[in-house]
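Have a look at the structure below, then the notes.
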Amino acid sequence: MNYGYYPGCSAKSTSPEFDASTLALIDFLDLGIKELKDWVCCGASSMHAVDKIIHTSLSAMTLDAANSEKKDIMVQCPACLAHVLEAKEVLNENGELAADVKEAVGKEIEAKMKISHFSSILHDEYGLDRIKEKVTKSLNALKVASYYGCLIVRPQELMKYDDPENPMKMDDLVEACGASPVEWPFKTKCCGAGTAISDTPITLDLTYEILRMAKQNGAECITVLCPLCHNNLDLRQKKIEERYGEKFDLPIIYYTQLIGLAFGLDPKVLQLDRLFVDPFPLLKSKGIL
Amino acid sequence: MARIGVFVCWCGSNIAETVNVSKASEISGNIPGVVYSVDYKYMCSDPGQTLLKNAIKEHNLTGAVVASCSPRMHEKTFRKAAKDAGMNPYMLEMANIREQCSWVHDNKDEGTDKTIDLIRMMVEKVKRNHPLEDIKIPVTKKALVIGGGVAGIQAALDIAAGGVPVVLVERESSIGGKMAALDETFPTLDCSQCILTPKMVEVSQDPLIEIMSFSEIEKVEGYVGNFKATIRKKARYVDTDLCTGCGTCWLKCPVKVTSEFEQGLGKRKAIYIPFPQAIPSRPRIDPENCLKLTKDRCGICQKVCPTKAINYDDVDRLVEVEVGAIVVTTGYKIMPVSEFPEYGGGRYKDVVTALQFERMVCASGPTLGELQRPSDGKLPETVVFVKCVGSRDPEHHHSYCSKICCMYVAKQTMLYRHKVHNGNCYVFYIDVRSNGKNYEEFVRRAQEKEGAQYIRGRVSQVYKDGEDLVVEGADTLTNSQVKIKCDLVVLATAMEAPDGIKELAQKLGISYDQNGFLTEAHPKLKPIESSTAGVFLAGCALSPRDIPDSVSEASGAAAKVLGLLSKDEMHKDGVVAFVNEATCVACQNCIRVCPFVAIQLKDICNRKGEVLRQVADVNPGLCVGCGTCTPSCPSRSIELKGFTDAELFAEINALAEL
């Protein structure tokens, strides 16, 4: 394993708990993964729609940052992942756009490195069995709905993450930690992040459906891997409850936080206190804390 | 001495405009060996042919060259005329001065010179031609039909009606195919079984038809008129001669398993007939589920059988049949719902295929026609049909249209509304394709009189919300998103080539397309012939088809078979490869390159019968005269009759004026 960590801008701004819990897991499992020094914002969620060359160049610079440290890339944010994978593809296809990118960046960038999502690294490379061995505090059959969001599985040809209709990686991970994954149909339903600012009611409608469906299928909490999904489900949950007159009270917990809990890591280090929907009453009632 | 006649055709102005035909004829007359030359306006006309015949007789010609169009056009015509005049037809050659000269040139002088060159070439060839005889092949007057669905049944019946015996091979334990599982049929809503089972009975009662059910093709050898098929009769564990089909065994059998015929919606026993009207009405034991065969327990069927027909030691048996022609009617399979996780296929019991829906509404189905959804038996108050599932979807599945879904979905909406008068039914579609007799009227009836609500657009997702299924899709006519809560989703999944079709095609030496459907010899003019002579195709083995099309093709194939088998022997062009046994060293190059497996090794023995050596030997029945073998021979020991080296080099030398 020779990864450099590409946290992306969300981890450094709106979702520091995602960053903190990721680093805590890396540290605990002794994965030896360090943050890439010169990573660049991938330009989401607007640049890819505005200027192809700038958009690709931004991610190409992150590839370059990994090259200079001779590292593969570990990504947490699905948008970052999509964009670095896309840049890698563009550079390897070596067409007109690649030439433009070369000119914009001012140098030739080799794109041979491996690019993986952290959950894939845990699931496929570190391995579920080894994770099971590390669990000291079982998640005690906590009913968890794994919500992957729309980006991580699509387009399948680019992301190659998991079954785009019914991904299982997070389910498997939390199950290895003692939780009971909830079988539900909206694992990859869009949360509406794209219209969160421009047309908020659409986002509220979409996110409401996700919360409702998770609850209906027996979830006690939802685990996520995308900072924007997290925003919508966690930050806007109260607003949605008011708008629809329905109480959900569903903590939205990053998968890194849940796994960290199972490893017995300090909830403070995992920054569980930063979540808007308070997870502590649930975690206490389940005997996890 | 060669006495050759040259006949230069004007073809009206087609040739005469660019070629000085009289000059060509005159100069041809000076070629050594040519004793007669003439030009004529239309050589292919009756007077033209008479001119040829008379010249052959009057001038005692040993060979003739007709300089006119392509041999593909009129070689047969002129060779027949030559034969009528008493000349061996293979002593007549054509010089193509139309397609290969007048039509592609505009300079008359050059055209004339080229014409003379072409004639001279053919004259030199004809001088070296040998008289050839047509090859006569004896014909086995028996046919093999592979696949006992409605197409195979029709083909077998029609062939037998022509007085030719038929072996009908079916891999399931009963004939009937998919049609036996359908409820009512479009566009008349007549009961499928009511129209099919009489035909099945007819097959079983026809003395000329032998049904080999639960059997598969193991091997096919031979060639048109003379095929030898080896058929594997799979172990049935029931002696079909002793068995009377009384049914005691399957009544008493304690093992219940999922029924394939009921599309997984009903049960059958471990000894069973797939459906009550099965033909032959003889059961088979399913060895994977039979307690006796798996655990050496039970044995009840043997105890109760009044005719001692149960044989637990049964094994596969191979039988050989000799036939003159083969009809392949192997049908199709439909994609299972599990291929469509986006539509909840495989996850939700109430997402079913259209074939499952047929069983759900069929009076002989597992619920005896009482419509119940599979999960909880509830009467579905709202049903959503989704068309083009797997069809017309080149990104994920098949690019082709499955052709029959538009019609059977319209039919199924009617069947549904006839059962549930106040029920809601929605149909998601891309286009409605209803191009058959009374088809459009039928769809309109479903839409306008029977209450089916058609939504033009595709479905994005089917999921479960509480007890309901929810279908989300687009209505592209109103440009809006649609969300329908329903109790049952019916997916019109694509028709696919059946399992094992490629292996069968390889055994038969016929070709299939990228989708596994068998390929016709010509898409328009030979739609039911395969690329191999004597093997005919019909029904869904070719591509998705409805019942009327399958039946008409089956009758067509039967007519082809009867035509082929109407003569005692077949006549075949004399242009085949032959081996010079004196120089052949049996290197087997020709055997390796022959695409028709027409060459084998033959022993050369002395008078005592001891093998002295081996040589290549051409089976003239299989050889099509393609000539692939001749250049592969290092010692020029294999040549093509009518196209020998001597003949061809004479042509080239004539052109080079050597």
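In the structure tokens, chains take the letters A, B, ... in the order shown, each chain's residues start at 1, and ligands count up from 1 in the order shown.
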### Query
If we count only C-alpha atoms, which residues of chain A reach to within 9 Å of chain B? Please list them as a PyMOL selection string.
chain A and resi 164-166+184-186+213+216-217
#### Entry: range 105-117 of chain A environment, 9 Å, only C-alpha atoms, sequence neighbours closer than 2 positions dropped, as number ranges by chain
A: 3, 57-58, 60-61, 63-64, 66-67, 70-78, 81, 84-85, 87-89, 91-92, 99-103, 119-122, 152, 161
Restricted to N, CA and C atoms, what would the selected residues look like written as a JSON list (two decimals), in the first residue's frame?
[["chain", "number", "residue", "atom", "x", "y", "z"],
["A", 3, "TYR", "N", -0.19, 4.72, -0.69],
["A", 3, "TYR", "CA", -1.13, 5.78, -1.05],
["A", 3, "TYR", "C", -0.75, 7.11, -0.41],
["A", 57, "SER", "N", -7.27, 20.19, -15.87],
["A", 57, "SER", "CA", -5.95, 20.61, -15.41],
["A", 57, "SER", "C", -5.84, 20.58, -13.90],
["A", 58, "LEU", "N", -6.94, 21.00, -13.23],
["A", 58, "LEU", "CA", -6.92, 21.00, -11.76],
["A", 58, "LEU", "C", -6.62, 19.60, -11.23],
["A", 60, "ALA", "N", -5.35, 17.16, -12.93],
["A", 60, "ALA", "CA", -4.04, 16.72, -13.43],
["A", 60, "ALA", "C", -2.95, 17.18, -12.48],
["A", 61, "MET", "N", -3.15, 18.36, -11.88],
["A", 61, "MET", "CA", -2.15, 18.86, -10.94],
["A", 61, "MET", "C", -2.09, 17.99, -9.68],
["A", 63, "LEU", "N", -2.72, 14.78, -9.75],
["A", 63, "LEU", "CA", -1.98, 13.60, -10.21],
["A", 63, "LEU", "C", -0.48, 13.89, -10.15],
["A", 64, "ASP", "N", -0.13, 15.10, -10.57],
["A", 64, "ASP", "CA", 1.27, 15.49, -10.56],
["A", 64, "ASP", "C", 1.82, 15.50, -9.13],
["A", 66, "ALA", "N", 0.86, 13.63, -6.74],
["A", 66, "ALA", "CA", 1.11, 12.24, -6.34],
["A", 66, "ALA", "C", 2.39, 11.72, -6.98],
["A", 67, "ASN", "N", 2.59, 12.08, -8.25],
["A", 67, "ASN", "CA", 3.81, 11.65, -8.95],
["A", 67, "ASN", "C", 5.07, 12.13, -8.24],
["A", 70, "LYS", "N", 5.77, 10.03, -5.63],
["A", 70, "LYS", "CA", 5.76, 8.62, -6.07],
["A", 70, "LYS", "C", 4.69, 7.82, -5.33],
["A", 71, "LYS", "N", 3.49, 8.37, -5.28],
["A", 71, "LYS", "CA", 2.40, 7.74, -4.53],
["A", 71, "LYS", "C", 1.22, 7.40, -5.45],
["A", 72, "ASP", "N", 0.46, 6.38, -5.02],
["A", 72, "ASP", "CA", -0.89, 6.19, -5.56],
["A", 72, "ASP", "C", -1.80, 7.16, -4.80],
["A", 73, "ILE", "N", -3.04, 7.26, -5.28],
["A", 73, "ILE", "CA", -3.91, 8.27, -4.66],
["A", 73, "ILE", "C", -5.07, 7.62, -3.92],
["A", 74, "MET", "N", -5.25, 7.99, -2.66],
["A", 74, "MET", "CA", -6.40, 7.56, -1.88],
["A", 74, "MET", "C", -7.33, 8.75, -1.77],
["A", 75, "VAL", "N", -8.60, 8.54, -2.14],
["A", 75, "VAL", "CA", -9.55, 9.65, -2.17],
["A", 75, "VAL", "C", -10.70, 9.34, -1.23],
["A", 76, "GLN", "N", -11.29, 10.34, -0.65],
["A", 76, "GLN", "CA", -12.48, 10.15, 0.17],
["A", 76, "GLN", "C", -13.71, 10.73, -0.50],
["A", 77, "CYS", "N", -13.59, 11.91, -1.10],
["A", 77, "CYS", "CA", -14.77, 12.57, -1.66],
["A", 77, "CYS", "C", -15.07, 11.99, -3.04],
["A", 78, "PRO", "N", -16.30, 11.50, -3.27],
["A", 78, "PRO", "CA", -16.62, 10.89, -4.57],
["A", 78, "PRO", "C", -16.45, 11.84, -5.76],
["A", 81, "LEU", "N", -12.86, 11.94, -6.51],
["A", 81, "LEU", "CA", -12.50, 10.65, -7.09],
["A", 81, "LEU", "C", -12.85, 10.62, -8.57],
["A", 84, "VAL", "N", -10.38, 13.01, -10.55],
["A", 84, "VAL", "CA", -9.01, 12.53, -10.79],
["A", 84, "VAL", "C", -9.00, 11.31, -11.70],
["A", 85, "LEU", "N", -10.02, 10.45, -11.57],
["A", 85, "LEU", "CA", -10.10, 9.29, -12.47],
["A", 85, "LEU", "C", -10.27, 9.75, -13.92],
["A", 87, "ALA", "N", -9.38, 12.69, -15.16],
["A", 87, "ALA", "CA", -8.14, 13.31, -15.63],
["A", 87, "ALA", "C", -7.13, 12.24, -16.03],
["A", 88, "LYS", "N", -7.07, 11.17, -15.23],
["A", 88, "LYS", "CA", -6.16, 10.08, -15.55],
["A", 88, "LYS", "C", -6.50, 9.50, -16.92],
["A", 89, "GLU", "N", -7.81, 9.30, -17.13],
["A", 89, "GLU", "CA", -8.26, 8.73, -18.40],
["A", 89, "GLU", "C", -7.90, 9.66, -19.57],
["A", 91, "LEU", "N", -5.55, 11.93, -19.75],
["A", 91, "LEU", "CA", -4.11, 11.98, -20.00],
["A", 91, "LEU", "C", -3.63, 10.70, -20.67],
["A", 92, "ASN", "N", -4.20, 9.57, -20.29],
["A", 92, "ASN", "CA", -3.77, 8.31, -20.88],
["A", 92, "ASN", "C", -4.26, 8.15, -22.32],
["A", 99, "ALA", "N", -3.46, 17.45, -24.65],
["A", 99, "ALA", "CA", -2.48, 18.44, -25.12],
["A", 99, "ALA", "C", -2.76, 19.81, -24.51],
["A", 100, "ASP", "N", -4.06, 20.17, -24.47],
["A", 100, "ASP", "CA", -4.45, 21.45, -23.86],
["A", 100, "ASP", "C", -4.07, 21.49, -22.38],
["A", 101, "VAL", "N", -4.31, 20.35, -21.71],
["A", 101, "VAL", "CA", -4.00, 20.28, -20.29],
["A", 101, "VAL", "C", -2.50, 20.43, -20.08],
["A", 102, "LYS", "N", -1.74, 19.79, -20.93],
["A", 102, "LYS", "CA", -0.28, 19.86, -20.83],
["A", 102, "LYS", "C", 0.17, 21.31, -20.96],
["A", 103, "GLU", "N", -0.47, 22.00, -21.89],
["A", 103, "GLU", "CA", -0.10, 23.40, -22.09],
["A", 103, "GLU", "C", -0.48, 24.24, -20.88],
["A", 119, "SER", "N", -12.83, 3.54, 1.09],
["A", 119, "SER", "CA", -13.66, 2.39, 1.47],
["A", 119, "SER", "C", -13.26, 1.15, 0.67],
["A", 120, "SER", "N", -12.83, 1.36, -0.58],
["A", 120, "SER", "CA", -12.36, 0.22, -1.38],
["A", 120, "SER", "C", -11.06, -0.32, -0.82],
["A", 121, "ILE", "N", -10.21, 0.59, -0.36],
["A", 121, "ILE", "CA", -8.93, 0.14, 0.21],
["A", 121, "ILE", "C", -9.18, -0.71, 1.45],
["A", 122, "LEU", "N", -10.09, -0.23, 2.31],
["A", 122, "LEU", "CA", -10.41, -1.00, 3.51],
["A", 122, "LEU", "C", -11.04, -2.34, 3.15],
["A", 152, "ILE", "N", -20.51, 7.97, -6.46],
["A", 152, "ILE", "CA", -19.46, 6.96, -6.29],
["A", 152, "ILE", "C", -19.63, 5.78, -7.25],
["A", 161, "TYR", "N", -16.59, 1.15, -9.00],
["A", 161, "TYR", "CA", -16.55, 1.06, -7.54],
["A", 161, "TYR", "C", -17.23, -0.21, -7.04]]
### Query
In range 428-590 of chain B, what's helix (DSSP H, G or I) per DSSP? Answer as a PyMOL selection string?
chain B and resi 439-448+501-508+539-541+547-564+589-590
### Query
Excluding same-chain residues fewer than 5 positions from range 599-601 of chain B, what lies within 7 Å of it counting only C-alpha atoms, as a count of residues only?
8
How close does each residue of range 596-622 of chain B get to range 223-243 of chain B, giving the shortest atom pair and distance in Å to one decimal for every residue with an atom at most 10 Å away, counting only C-alpha atoms, sorted by chain and residue number, as a tab-separated table?
residue	atom	partner	partner_atom	distance
B:Phe596	CA	B:Tyr223	CA	9.3
B:Val597	CA	B:Tyr223	CA	9.8
B:Ala598	CA	B:Tyr223	CA	9.2
B:Asn619	CA	B:Tyr223	CA	9.8
B:Gly621	CA	B:Tyr223	CA	6.9
B:Leu622	CA	B:Tyr223	CA	5.8
### Query
If you count only C-alpha atoms, which residues fall within 10 Å of Cys194 in chain B, apart from same-chain ones fewer than 6 positions away, as number ranges by chain?
B: 180, 183-184
### Task
May I ask which of the residues B:Tyr416, B:Phe649, B:Tyr332, B:Tyr400 is the closest one to Leu542 in chain B, counting only C-alpha atoms?
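The answer is B:Tyr332, which sits nearest to Leu542 in chain B.
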### Message
At a cut-off of 12 Å, using only C-alpha atoms, what residues contact Lys641 in chain B? Leave out same-chain residues fewer than 3 positions from it and give the result as JSON, numbers by chain.
### Response
{"B": [90, 91, 128, 129, 130, 131, 132, 133, 134, 135, 573, 574, 575, 576, 577, 578, 579, 580, 618, 620, 623, 624, 625, 626, 627, 630, 638, 644, 645, 646, 647, 648]}
Dump as a JSON list (two decimals), in the first residue's frame, selection limited to C-alpha atoms:
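Final file, selection.json:
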[["chain", "number", "residue", "atom", "x", "y", "z"],
["B", 90, "TYR", "CA", -19.09, -28.17, -69.73],
["B", 91, "MET", "CA", -17.53, -27.72, -73.18],
["B", 128, "ARG", "CA", -8.42, -28.03, -73.00],
["B", 129, "ASN", "CA", -11.79, -28.56, -71.32],
["B", 130, "HIS", "CA", -12.91, -32.07, -70.55],
["B", 131, "PRO", "CA", -16.48, -33.20, -70.71],
["B", 132, "LEU", "CA", -17.83, -33.39, -67.16],
["B", 133, "GLU", "CA", -20.84, -35.17, -65.79],
["B", 134, "ASP", "CA", -23.25, -33.83, -63.20],
["B", 135, "ILE", "CA", -22.90, -35.60, -59.90],
["B", 573, "ASP", "CA", -22.73, -29.41, -60.67],
["B", 574, "GLY", "CA", -19.79, -31.49, -61.95],
["B", 575, "VAL", "CA", -17.28, -28.87, -60.84],
["B", 576, "VAL", "CA", -15.68, -30.65, -57.89],
["B", 577, "ALA", "CA", -12.14, -31.31, -56.75],
["B", 578, "PHE", "CA", -10.38, -34.50, -57.78],
["B", 579, "VAL", "CA", -7.18, -36.10, -56.66],
["B", 580, "ASN", "CA", -4.36, -37.54, -58.75],
["B", 618, "VAL", "CA", -12.84, -36.02, -52.26],
["B", 620, "PRO", "CA", -18.17, -35.16, -54.43],
["B", 623, "CYS", "CA", -17.52, -30.68, -52.33],
["B", 624, "VAL", "CA", -18.95, -27.38, -53.54],
["B", 625, "GLY", "CA", -16.12, -26.65, -55.95],
["B", 626, "CYS", "CA", -14.80, -23.66, -54.05],
["B", 627, "GLY", "CA", -11.20, -24.47, -55.05],
["B", 630, "THR", "CA", -6.04, -26.65, -55.06],
["B", 638, "ILE", "CA", -5.64, -31.96, -56.26],
["B", 644, "THR", "CA", -7.60, -27.26, -63.91],
["B", 645, "ASP", "CA", -4.19, -25.67, -64.05],
["B", 646, "ALA", "CA", -3.93, -26.62, -67.72],
["B", 647, "GLU", "CA", -7.19, -24.83, -68.47],
["B", 648, "LEU", "CA", -6.45, -21.73, -66.44]]
### Task
Tell me which protein, DNA and RNA residues are within 9 Å of range 76-85 of chain B, counting only C-alpha atoms, leaving out same-chain ones fewer than 4 positions away, and put them as a list in words.
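Counting only C-alpha atoms, the residues come to Met43, Cys44, Gln49, Thr50, Leu52, Lys53, Asn54, Ile56, Lys57, Ala64, Val66, Pro71, Arg72, Pro89, Tyr90, Met91, Leu92, Glu93 and Met94 of chain B.
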### Surrounding residues of Ala67 in chain B excluding itself and chain neighbours under 5 positions, 7 Å, only C-alpha atoms, as a PyMOL selection string
chain B and resi 7-9+94-97+119
Based on the selection just made, write N, CA, C and O atoms of those residues as a PDB file, in the first residue's frame.
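Now in out-v1.pdb:
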ATOM      1  N   PHE B   7     -19.667 -17.232 -80.415  1.00  0.00           N
ATOM      2  CA  PHE B   7     -20.943 -16.534 -80.612  1.00  0.00           C
ATOM      3  C   PHE B   7     -20.878 -15.209 -79.851  1.00  0.00           C
ATOM      4  O   PHE B   7     -20.837 -15.196 -78.631  1.00  0.00           O
ATOM      5  N   VAL B   8     -20.815 -14.101 -80.610  1.00  0.00           N
ATOM      6  CA  VAL B   8     -20.664 -12.791 -79.964  1.00  0.00           C
ATOM      7  C   VAL B   8     -22.032 -12.117 -79.897  1.00  0.00           C
ATOM      8  O   VAL B   8     -22.715 -11.958 -80.909  1.00  0.00           O
ATOM      9  N   CYS B   9     -22.391 -11.747 -78.672  1.00  0.00           N
ATOM     10  CA  CYS B   9     -23.739 -11.193 -78.449  1.00  0.00           C
ATOM     11  C   CYS B   9     -23.676  -9.669 -78.424  1.00  0.00           C
ATOM     12  O   CYS B   9     -22.748  -9.079 -77.898  1.00  0.00           O
ATOM     13  N   MET B  94     -18.283 -19.095 -71.243  1.00  0.00           N
ATOM     14  CA  MET B  94     -18.713 -17.741 -71.567  1.00  0.00           C
ATOM     15  C   MET B  94     -17.555 -16.764 -71.389  1.00  0.00           C
ATOM     16  O   MET B  94     -16.798 -16.850 -70.431  1.00  0.00           O
ATOM     17  N   ALA B  95     -17.438 -15.842 -72.339  1.00  0.00           N
ATOM     18  CA  ALA B  95     -16.516 -14.720 -72.166  1.00  0.00           C
ATOM     19  C   ALA B  95     -17.381 -13.530 -71.764  1.00  0.00           C
ATOM     20  O   ALA B  95     -18.323 -13.176 -72.475  1.00  0.00           O
ATOM     21  N   ASN B  96     -17.083 -12.961 -70.620  1.00  0.00           N
ATOM     22  CA  ASN B  96     -17.940 -11.885 -70.104  1.00  0.00           C
ATOM     23  C   ASN B  96     -17.515 -10.558 -70.725  1.00  0.00           C
ATOM     24  O   ASN B  96     -16.602  -9.892 -70.241  1.00  0.00           O
ATOM     25  N   ILE B  97     -18.194 -10.191 -71.800  1.00  0.00           N
ATOM     26  CA  ILE B  97     -17.826  -8.929 -72.465  1.00  0.00           C
ATOM     27  C   ILE B  97     -18.827  -7.812 -72.163  1.00  0.00           C
ATOM     28  O   ILE B  97     -18.810  -6.768 -72.785  1.00  0.00           O
ATOM     29  N   ILE B 119     -12.245 -13.383 -75.660  1.00  0.00           N
ATOM     30  CA  ILE B 119     -12.713 -14.538 -76.449  1.00  0.00           C
ATOM     31  C   ILE B 119     -11.558 -15.510 -76.665  1.00  0.00           C
ATOM     32  O   ILE B 119     -11.705 -16.725 -76.488  1.00  0.00           O
TER      33      ILE B 119
END
### Query
Of the candidates A:Leu151, A:Met1, A:Cys41, A:Ala65, which shows the shortest atom-to-atom distance to Cys226 in chain A, using only C-alpha atoms?
A:Leu151
### Message
So the first atom is CA of Asp158 in chain B and the second is CA of Ser434 in chain B; what is the distance between them in Å, to one decimal place?
### Response
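It comes out at 28.7 Å.
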### Task
Using only C-alpha atoms, pick whichever of B:Met122, B:Val409, B:Met200, B:Ala270 has the shortest atom-to-atom distance to Ile153 in chain B.
B:Met200
